[in-house]
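Text of model_33.cif, listed as mmCIF, C-alpha atoms:
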```cif
data_model
#
loop_
_atom_site.group_PDB
_atom_site.id
_atom_site.type_symbol
_atom_site.label_atom_id
_atom_site.label_comp_id
_atom_site.auth_asym_id
_atom_site.auth_seq_id
_atom_site.Cartn_x
_atom_site.Cartn_y
_atom_site.Cartn_z
ATOM 1 C CA MET A 1 -10.419 32.713 -46.008
ATOM 2 C CA THR A 2 -11.713 29.596 -44.392
ATOM 3 C CA GLY A 3 -14.561 29.974 -42.011
ATOM 4 C CA LEU A 4 -15.318 33.642 -42.688
ATOM 5 C CA VAL A 5 -18.971 33.049 -43.457
ATOM 6 C CA THR A 6 -19.276 30.624 -40.565
ATOM 7 C CA TRP A 7 -17.987 33.264 -38.161
ATOM 8 C CA ALA A 8 -20.288 35.884 -39.692
ATOM 9 C CA ALA A 9 -23.259 33.525 -39.304
ATOM 10 C CA GLY A 10 -22.350 32.912 -35.667
ATOM 11 C CA PHE A 11 -22.048 36.656 -35.053
ATOM 12 C CA ALA A 12 -25.402 37.327 -36.703
ATOM 13 C CA ALA A 13 -27.052 34.561 -34.667
ATOM 14 C CA LEU A 14 -25.598 36.076 -31.494
ATOM 15 C CA CYS A 15 -26.965 39.495 -32.498
ATOM 16 C CA PHE A 16 -30.429 38.042 -33.075
ATOM 17 C CA VAL A 17 -30.406 36.238 -29.725
ATOM 18 C CA ALA A 18 -29.393 39.493 -27.980
ATOM 19 C CA GLY A 19 -32.186 41.292 -29.843
ATOM 20 C CA MET A 20 -34.671 38.660 -28.685
ATOM 21 C CA ALA A 21 -33.461 39.197 -25.114
ATOM 22 C CA CYS A 22 -34.006 42.978 -25.451
ATOM 23 C CA ALA A 23 -37.496 42.374 -26.830
ATOM 24 C CA ALA A 24 -38.248 39.914 -24.016
ATOM 25 C CA VAL A 25 -37.254 42.490 -21.392
ATOM 26 C CA ARG A 26 -39.522 45.046 -23.062
ATOM 27 C CA LEU A 27 -42.278 42.401 -23.203
ATOM 28 C CA LEU A 28 -42.007 41.813 -19.473
ATOM 29 C CA LYS A 29 -41.824 45.435 -18.301
ATOM 30 C CA GLY A 30 -43.635 47.306 -21.081
ATOM 31 C CA PRO A 31 -45.882 49.910 -19.481
ATOM 32 C CA SER A 32 -48.796 49.572 -21.879
ATOM 33 C CA ALA A 33 -50.432 46.715 -23.779
ATOM 34 C CA GLN A 34 -49.332 47.980 -27.186
ATOM 35 C CA ASP A 35 -45.720 47.951 -25.965
ATOM 36 C CA ARG A 36 -46.049 44.263 -25.241
ATOM 37 C CA VAL A 37 -47.580 43.552 -28.647
ATOM 38 C CA LEU A 38 -44.768 45.462 -30.345
ATOM 39 C CA ALA A 39 -42.139 43.576 -28.328
ATOM 40 C CA LEU A 40 -43.716 40.238 -29.279
ATOM 41 C CA ASP A 41 -43.653 41.336 -32.923
ATOM 42 C CA ALA A 42 -39.946 42.216 -32.693
ATOM 43 C CA CYS A 43 -39.293 38.882 -30.983
ATOM 44 C CA TYR A 44 -41.024 37.076 -33.868
ATOM 45 C CA ALA A 45 -38.966 38.978 -36.473
ATOM 46 C CA ASN A 46 -35.687 38.225 -34.680
ATOM 47 C CA ALA A 47 -36.562 34.537 -34.356
ATOM 48 C CA MET A 48 -37.379 34.353 -38.060
ATOM 49 C CA LEU A 49 -34.026 35.911 -38.969
ATOM 50 C CA LEU A 50 -32.258 33.544 -36.563
ATOM 51 C CA LEU A 51 -33.868 30.569 -38.318
ATOM 52 C CA VAL A 52 -32.806 31.857 -41.737
ATOM 53 C CA VAL A 53 -29.216 32.222 -40.503
ATOM 54 C CA LEU A 54 -29.263 28.727 -38.965
ATOM 55 C CA GLY A 55 -30.540 27.306 -42.258
ATOM 56 C CA MET A 56 -27.623 28.949 -44.082
ATOM 57 C CA ARG A 57 -25.173 27.705 -41.471
ATOM 58 C CA PHE A 58 -26.280 24.072 -41.680
ATOM 59 C CA GLY A 59 -27.134 24.111 -45.401
ATOM 60 C CA SER A 60 -30.695 22.887 -44.948
ATOM 61 C CA VAL A 61 -33.984 24.101 -46.412
ATOM 62 C CA LEU A 62 -36.083 22.841 -43.498
ATOM 63 C CA TYR A 63 -35.288 25.953 -41.455
ATOM 64 C CA PHE A 64 -36.653 28.081 -44.278
ATOM 65 C CA GLU A 65 -40.119 26.511 -43.980
ATOM 66 C CA ILE A 66 -40.221 27.283 -40.246
ATOM 67 C CA ALA A 67 -39.080 30.863 -40.922
ATOM 68 C CA LEU A 68 -41.843 31.266 -43.516
ATOM 69 C CA LEU A 69 -44.485 30.031 -41.066
ATOM 70 C CA ILE A 70 -43.143 32.312 -38.319
ATOM 71 C CA ALA A 71 -43.245 35.326 -40.655
ATOM 72 C CA LEU A 72 -46.848 34.548 -41.588
ATOM 73 C CA PHE A 73 -48.192 33.776 -38.123
ATOM 74 C CA GLY A 74 -46.275 36.595 -36.480
ATOM 75 C CA PHE A 75 -48.009 39.095 -38.733
ATOM 76 C CA VAL A 76 -51.419 37.501 -38.192
ATOM 77 C CA GLY A 77 -50.962 37.470 -34.419
ATOM 78 C CA SER A 78 -49.756 41.077 -34.196
ATOM 79 C CA ALA A 79 -52.546 42.333 -36.446
ATOM 80 C CA ALA A 80 -55.177 40.400 -34.475
ATOM 81 C CA MET A 81 -53.905 41.674 -31.125
ATOM 82 C CA ALA A 82 -53.727 45.264 -32.406
ATOM 83 C CA LYS A 83 -57.260 44.943 -33.762
ATOM 84 C CA PHE A 84 -58.402 43.615 -30.411
ATOM 85 C CA LEU A 85 -56.829 46.542 -28.570
ATOM 86 C CA LEU A 86 -58.367 48.961 -31.054
ATOM 87 C CA ARG A 87 -61.928 47.680 -31.281
ATOM 88 C CA GLY A 88 -62.470 45.261 -28.419
ATOM 89 C CA GLU A 89 -62.790 42.200 -30.610
ATOM 90 C CA ALA A 90 -60.522 40.640 -33.207
ATOM 91 C CA ILE A 91 -63.072 39.418 -35.766
ATOM 92 C CA GLU A 92 -66.034 41.691 -36.158
ATOM 93 C CA PRO A 93 -69.389 40.241 -37.166
ATOM 94 C CA MET B 1 -19.838 22.534 -45.040
ATOM 95 C CA MET B 2 -21.786 24.432 -47.635
ATOM 96 C CA LEU B 3 -20.671 27.980 -46.876
ATOM 97 C CA ASP B 4 -16.924 27.443 -47.072
ATOM 98 C CA ASN B 5 -17.024 26.180 -50.670
ATOM 99 C CA LEU B 6 -18.242 29.478 -52.094
ATOM 100 C CA PRO B 7 -15.901 31.656 -54.172
ATOM 101 C CA ASP B 8 -13.982 34.323 -52.269
ATOM 102 C CA TRP B 9 -15.944 37.385 -53.383
ATOM 103 C CA ALA B 10 -19.206 35.617 -52.505
ATOM 104 C CA GLN B 11 -17.851 34.722 -49.057
ATOM 105 C CA VAL B 12 -16.961 38.357 -48.397
ATOM 106 C CA MET B 13 -20.342 39.615 -49.632
ATOM 107 C CA VAL B 14 -22.335 37.031 -47.669
ATOM 108 C CA ALA B 15 -20.324 37.688 -44.523
ATOM 109 C CA LEU B 16 -20.784 41.470 -44.854
ATOM 110 C CA LEU B 17 -24.526 41.132 -45.440
ATOM 111 C CA LEU B 18 -24.921 38.760 -42.491
ATOM 112 C CA ALA B 19 -22.872 40.864 -40.065
ATOM 113 C CA GLY B 20 -24.562 44.091 -41.217
ATOM 114 C CA GLY B 21 -28.034 42.612 -40.899
ATOM 115 C CA GLY B 22 -27.260 41.247 -37.455
ATOM 116 C CA LEU B 23 -25.875 44.575 -36.240
ATOM 117 C CA ILE B 24 -28.823 46.557 -37.637
ATOM 118 C CA SER B 25 -31.321 44.168 -36.042
ATOM 119 C CA LEU B 26 -29.469 44.439 -32.741
ATOM 120 C CA VAL B 27 -29.588 48.244 -32.940
ATOM 121 C CA GLY B 28 -33.336 48.105 -33.623
ATOM 122 C CA SER B 29 -34.055 45.721 -30.763
ATOM 123 C CA PHE B 30 -31.856 47.695 -28.373
ATOM 124 C CA GLY B 31 -33.748 50.828 -29.353
ATOM 125 C CA LEU B 32 -36.961 48.983 -28.541
ATOM 126 C CA LEU B 33 -35.570 48.388 -25.075
ATOM 127 C CA ARG B 34 -34.028 51.808 -24.567
ATOM 128 C CA LEU B 35 -36.202 54.546 -26.068
ATOM 129 C CA GLY B 36 -38.703 56.384 -23.946
ATOM 130 C CA ASP B 37 -41.960 56.799 -25.839
ATOM 131 C CA PHE B 38 -44.109 54.162 -27.540
ATOM 132 C CA LEU B 39 -43.987 55.893 -30.923
ATOM 133 C CA GLN B 40 -40.188 56.145 -30.692
ATOM 134 C CA ARG B 41 -40.031 52.434 -29.890
ATOM 135 C CA LEU B 42 -42.272 51.711 -32.893
ATOM 136 C CA HIS B 43 -39.870 53.686 -35.046
ATOM 137 C CA ALA B 44 -36.880 51.724 -33.704
ATOM 138 C CA SER B 45 -38.365 48.294 -34.170
ATOM 139 C CA THR B 46 -39.120 48.849 -37.864
ATOM 140 C CA LEU B 47 -35.349 48.651 -38.397
ATOM 141 C CA VAL B 48 -35.531 44.894 -37.782
ATOM 142 C CA THR B 49 -38.245 44.211 -40.314
ATOM 143 C CA THR B 50 -36.886 46.362 -43.128
ATOM 144 C CA LEU B 51 -33.113 46.567 -43.426
ATOM 145 C CA GLY B 52 -32.167 43.645 -41.188
ATOM 146 C CA THR B 53 -34.572 41.227 -42.834
ATOM 147 C CA LEU B 54 -33.741 42.305 -46.366
ATOM 148 C CA SER B 55 -29.963 42.024 -45.921
ATOM 149 C CA VAL B 56 -30.163 38.591 -44.269
ATOM 150 C CA LEU B 57 -32.515 37.326 -46.977
ATOM 151 C CA ALA B 58 -30.208 38.699 -49.681
ATOM 152 C CA ALA B 59 -27.281 36.862 -48.071
ATOM 153 C CA SER B 60 -29.313 33.646 -47.960
ATOM 154 C CA MET B 61 -30.349 33.950 -51.623
ATOM 155 C CA LEU B 62 -26.768 34.613 -52.708
ATOM 156 C CA ALA B 63 -25.319 31.739 -50.684
ATOM 157 C CA PHE B 64 -27.892 29.124 -51.703
ATOM 158 C CA SER B 65 -27.822 30.180 -55.378
ATOM 159 C CA LEU B 66 -24.041 29.873 -55.572
ATOM 160 C CA ALA B 67 -23.814 26.690 -53.506
ATOM 161 C CA TRP B 68 -26.441 24.767 -55.460
ATOM 162 C CA ARG B 69 -25.490 26.276 -58.859
ATOM 163 C CA ARG B 70 -29.042 27.266 -59.709
ATOM 164 C CA LEU B 71 -31.298 30.193 -58.927
ATOM 165 C CA VAL B 72 -32.770 29.787 -55.429
ATOM 166 C CA LEU B 73 -35.364 32.475 -54.857
ATOM 167 C CA HIS B 74 -37.752 31.073 -52.273
ATOM 168 C CA GLU B 75 -36.613 33.696 -49.744
ATOM 169 C CA ILE B 76 -38.653 36.174 -51.784
ATOM 170 C CA LEU B 77 -41.753 34.636 -50.151
ATOM 171 C CA ILE B 78 -40.524 35.661 -46.687
ATOM 172 C CA ALA B 79 -39.611 39.117 -47.991
ATOM 173 C CA LEU B 80 -43.085 39.450 -49.514
ATOM 174 C CA PHE B 81 -44.901 38.465 -46.329
ATOM 175 C CA VAL B 82 -42.710 40.698 -44.158
ATOM 176 C CA THR B 83 -43.034 43.646 -46.553
ATOM 177 C CA ILE B 84 -46.813 43.330 -46.618
ATOM 178 C CA GLY B 85 -47.333 42.356 -42.994
ATOM 179 C CA ALA B 86 -45.050 44.534 -40.908
ATOM 180 C CA PRO B 87 -46.343 47.961 -42.080
ATOM 181 C CA VAL B 88 -49.955 46.856 -41.564
ATOM 182 C CA ALA B 89 -49.260 45.632 -38.022
ATOM 183 C CA ASN B 90 -47.206 48.729 -37.170
ATOM 184 C CA MET B 91 -49.889 51.059 -38.528
ATOM 185 C CA LEU B 92 -52.540 49.271 -36.464
ATOM 186 C CA LEU B 93 -50.310 49.564 -33.378
ATOM 187 C CA ALA B 94 -49.815 53.293 -33.971
ATOM 188 C CA ARG B 95 -53.603 53.691 -34.233
ATOM 189 C CA VAL B 96 -53.948 51.734 -30.981
ATOM 190 C CA GLU B 97 -51.534 54.109 -29.253
ATOM 191 C CA LEU B 98 -53.343 57.195 -30.546
ATOM 192 C CA TYR B 99 -56.722 55.712 -29.649
ATOM 193 C CA ARG B 100 -55.869 54.598 -26.136
ATOM 194 C CA THR B 101 -54.225 57.914 -25.255
ATOM 195 C CA GLY B 102 -57.209 59.835 -26.611
ATOM 196 C CA ARG B 103 -55.385 61.512 -29.463
ATOM 197 C CA LEU B 104 -57.374 59.987 -32.312
ATOM 198 C CA PRO B 105 -60.063 62.517 -33.299
ATOM 199 C CA GLY B 106 -63.644 61.498 -33.893
ATOM 200 C CA ARG B 107 -63.801 58.704 -31.337
ATOM 201 C CA GLU B 108 -64.128 58.629 -27.601
ATOM 202 C CA ARG B 109 -62.221 56.279 -25.369
ATOM 203 C CA PRO B 110 -63.873 53.010 -24.313
#
```
Now that the file is in, can you turn its structure into structure tokens?
Amino acid sequence: MTGLVTWAAGFAALCFVAGMACAAVRLLKGPSAQDRVLALDACYANAMLLLVVLGMRFGSVLYFEIALLIALFGFVGSAAMAKFLLRGEAIEP
Amino acid sequence: MMLDNLPDWAQVMVALLLAGGGLISLVGSFGLLRLGDFLQRLHASTLVTTLGTLSVLAASMLAFSLAWRRLVLHEILIALFVTIGAPVANMLLARVELYRTGRLPGRERP
């Protein structure tokens, strides 16, 4: 079974790119602000998974570091934007 | 090529986990595009951060551990951050939706 995992990694990467496209469409046409924040969050999650799959495909650990940073900053950004929409400011005095 | 030197059972398991995680994430993102209400869309997009992420990270751990012949567990860090972060962000977004549509009791709209 040569190339089975390579094909599966390509399929998964294609799925994540299609998911990012769906999230980008929702980001552009989302009726409310929280829709856009949610779409950006989904876009971040799909990009992180895409980087993990690319790291497996090319056998490198460098992609993992980028995926870790994206996971961290995606959460911080979504939480800050949700807090801003909820209270009017992100960091309260 | 690292992935083609794995044993056969590991290749099948890694391929199944990768394809399953990709399909589940695609279903979640398509639901984010397709569903009608914000709370329904919130429900759909959690599919990406729970089952999709966990299956892809499990595939990565399995593949790297078997390819390098030692225990590679640094994907647990990503799983930890996603498991802590995504519910907090989604809960804040649900509160935002309730607040901005005036359904959160005890507060008036800005």
Fill in: Surrounding residues of range 33-39 of chain A excluding itself and chain neighbours under 6 positions, 12 Å, all atoms listed in the file, as JSON, numbers by chain
{"A": [19, 20, 21, 22, 23, 24, 25, 26, 27, 45, 46, 74, 75, 76, 77, 78, 79, 80, 81, 82, 83, 84, 85, 86], "B": [28, 29, 30, 31, 32, 33, 35, 36, 37, 38, 39, 40, 41, 42, 43, 44, 45, 46, 48, 49, 86, 89, 90, 91, 92, 93, 94, 95, 96, 97, 98, 99, 100, 101]}
Selection to disk with C-alpha atoms, as a short mmCIF file (atom, residue, chain, number, x, y, z; two decimals), keeping the file's coordinate frame:
```
data_model
loop_
_atom_site.label_atom_id
_atom_site.label_comp_id
_atom_site.auth_asym_id
_atom_site.auth_seq_id
_atom_site.Cartn_x
_atom_site.Cartn_y
_atom_site.Cartn_z
CA GLY A 19 -32.19 41.29 -29.84
CA MET A 20 -34.67 38.66 -28.68
CA ALA A 21 -33.46 39.20 -25.11
CA CYS A 22 -34.01 42.98 -25.45
CA ALA A 23 -37.50 42.37 -26.83
CA ALA A 24 -38.25 39.91 -24.02
CA VAL A 25 -37.25 42.49 -21.39
CA ARG A 26 -39.52 45.05 -23.06
CA LEU A 27 -42.28 42.40 -23.20
CA ALA A 45 -38.97 38.98 -36.47
CA ASN A 46 -35.69 38.22 -34.68
CA GLY A 74 -46.28 36.60 -36.48
CA PHE A 75 -48.01 39.10 -38.73
CA VAL A 76 -51.42 37.50 -38.19
CA GLY A 77 -50.96 37.47 -34.42
CA SER A 78 -49.76 41.08 -34.20
CA ALA A 79 -52.55 42.33 -36.45
CA ALA A 80 -55.18 40.40 -34.48
CA MET A 81 -53.90 41.67 -31.12
CA ALA A 82 -53.73 45.26 -32.41
CA LYS A 83 -57.26 44.94 -33.76
CA PHE A 84 -58.40 43.62 -30.41
CA LEU A 85 -56.83 46.54 -28.57
CA LEU A 86 -58.37 48.96 -31.05
CA GLY B 28 -33.34 48.10 -33.62
CA SER B 29 -34.06 45.72 -30.76
CA PHE B 30 -31.86 47.70 -28.37
CA GLY B 31 -33.75 50.83 -29.35
CA LEU B 32 -36.96 48.98 -28.54
CA LEU B 33 -35.57 48.39 -25.08
CA LEU B 35 -36.20 54.55 -26.07
CA GLY B 36 -38.70 56.38 -23.95
CA ASP B 37 -41.96 56.80 -25.84
CA PHE B 38 -44.11 54.16 -27.54
CA LEU B 39 -43.99 55.89 -30.92
CA GLN B 40 -40.19 56.14 -30.69
CA ARG B 41 -40.03 52.43 -29.89
CA LEU B 42 -42.27 51.71 -32.89
CA HIS B 43 -39.87 53.69 -35.05
CA ALA B 44 -36.88 51.72 -33.70
CA SER B 45 -38.36 48.29 -34.17
CA THR B 46 -39.12 48.85 -37.86
CA VAL B 48 -35.53 44.89 -37.78
CA THR B 49 -38.24 44.21 -40.31
CA ALA B 86 -45.05 44.53 -40.91
CA ALA B 89 -49.26 45.63 -38.02
CA ASN B 90 -47.21 48.73 -37.17
CA MET B 91 -49.89 51.06 -38.53
CA LEU B 92 -52.54 49.27 -36.46
CA LEU B 93 -50.31 49.56 -33.38
CA ALA B 94 -49.82 53.29 -33.97
CA ARG B 95 -53.60 53.69 -34.23
CA VAL B 96 -53.95 51.73 -30.98
CA GLU B 97 -51.53 54.11 -29.25
CA LEU B 98 -53.34 57.20 -30.55
CA TYR B 99 -56.72 55.71 -29.65
CA ARG B 100 -55.87 54.60 -26.14
CA THR B 101 -54.22 57.91 -25.26
#
```
Practice prompt. Write out as a ChimeraX atom specification the residues lying within 12 Å of range 70-78 of chain B, counting only C-alpha atoms and excluding same-chain residues fewer than 6 positions away.
Written response: /A:45,48-49,51-53,55-56,61,63-75 /B:49-50,53-64,84-86
Fill in: Distance of CA of Thr6 in chain A from CA of Leu80 in chain B, expressed in Å to one decimal place
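Pair CA of Leu80 in chain B / CA of Thr6 in chain A returns 26.9 Å.
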Discussion item. What does the structure give for the distance between CA of Val88 in chain B and CA of Leu47 in chain B, in Å to one decimal?
Written reply: 15.1 Å
Worksheet item: How far is it from CA of Ser60 in chain A to CA of Ala13 in chain A, in Å with one decimal?
Response: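 Value for the CA of Ser60 in chain A-CA of Ala13 in chain A distance: 16.0 Å.
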Skipping near chain neighbours, those fewer than 2 positions away, what residues fall within 12 Å of Pro7 in chain B using only C-alpha atoms, listed as a compact mmCIF listing (two decimals) with C-alpha atoms, in the coordinates of the input?
```txt
# COMPACT_ATOMS: atom_id res chain seq x y z
CA MET A 1 -10.42 32.71 -46.01
CA THR A 2 -11.71 29.60 -44.39
CA LEU A 4 -15.32 33.64 -42.69
CA VAL A 5 -18.97 33.05 -43.46
CA MET B 2 -21.79 24.43 -47.64
CA LEU B 3 -20.67 27.98 -46.88
CA ASP B 4 -16.92 27.44 -47.07
CA ASN B 5 -17.02 26.18 -50.67
CA TRP B 9 -15.94 37.38 -53.38
CA ALA B 10 -19.21 35.62 -52.50
CA GLN B 11 -17.85 34.72 -49.06
CA VAL B 12 -16.96 38.36 -48.40
CA MET B 13 -20.34 39.62 -49.63
CA VAL B 14 -22.34 37.03 -47.67
CA LEU B 62 -26.77 34.61 -52.71
CA ALA B 63 -25.32 31.74 -50.68
CA LEU B 66 -24.04 29.87 -55.57
CA ALA B 67 -23.81 26.69 -53.51
CA ARG B 69 -25.49 26.28 -58.86
```
Practice prompt. Using all atoms listed in the file, determine which residues lie at most 10 Å from Trp7 in chain A, disregarding the query and same-chain residues fewer than 6 positions distant; provide the list as a list in words.
Written response: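 Selected residues are Ala13 and Arg57 of chain A; Ala15, Leu18 and Ala19 of chain B.
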Box centre and edge lengths (Å, one decimal), axis-aligned, range 76-89 of chain B plus 6 Å each side, as lines of an AutoDock Vina configuration file:
```
center_x = -44.3
center_y = 41.3
center_z = -44.9
size_x = 23.3
size_y = 25.3
size_z = 25.8
```
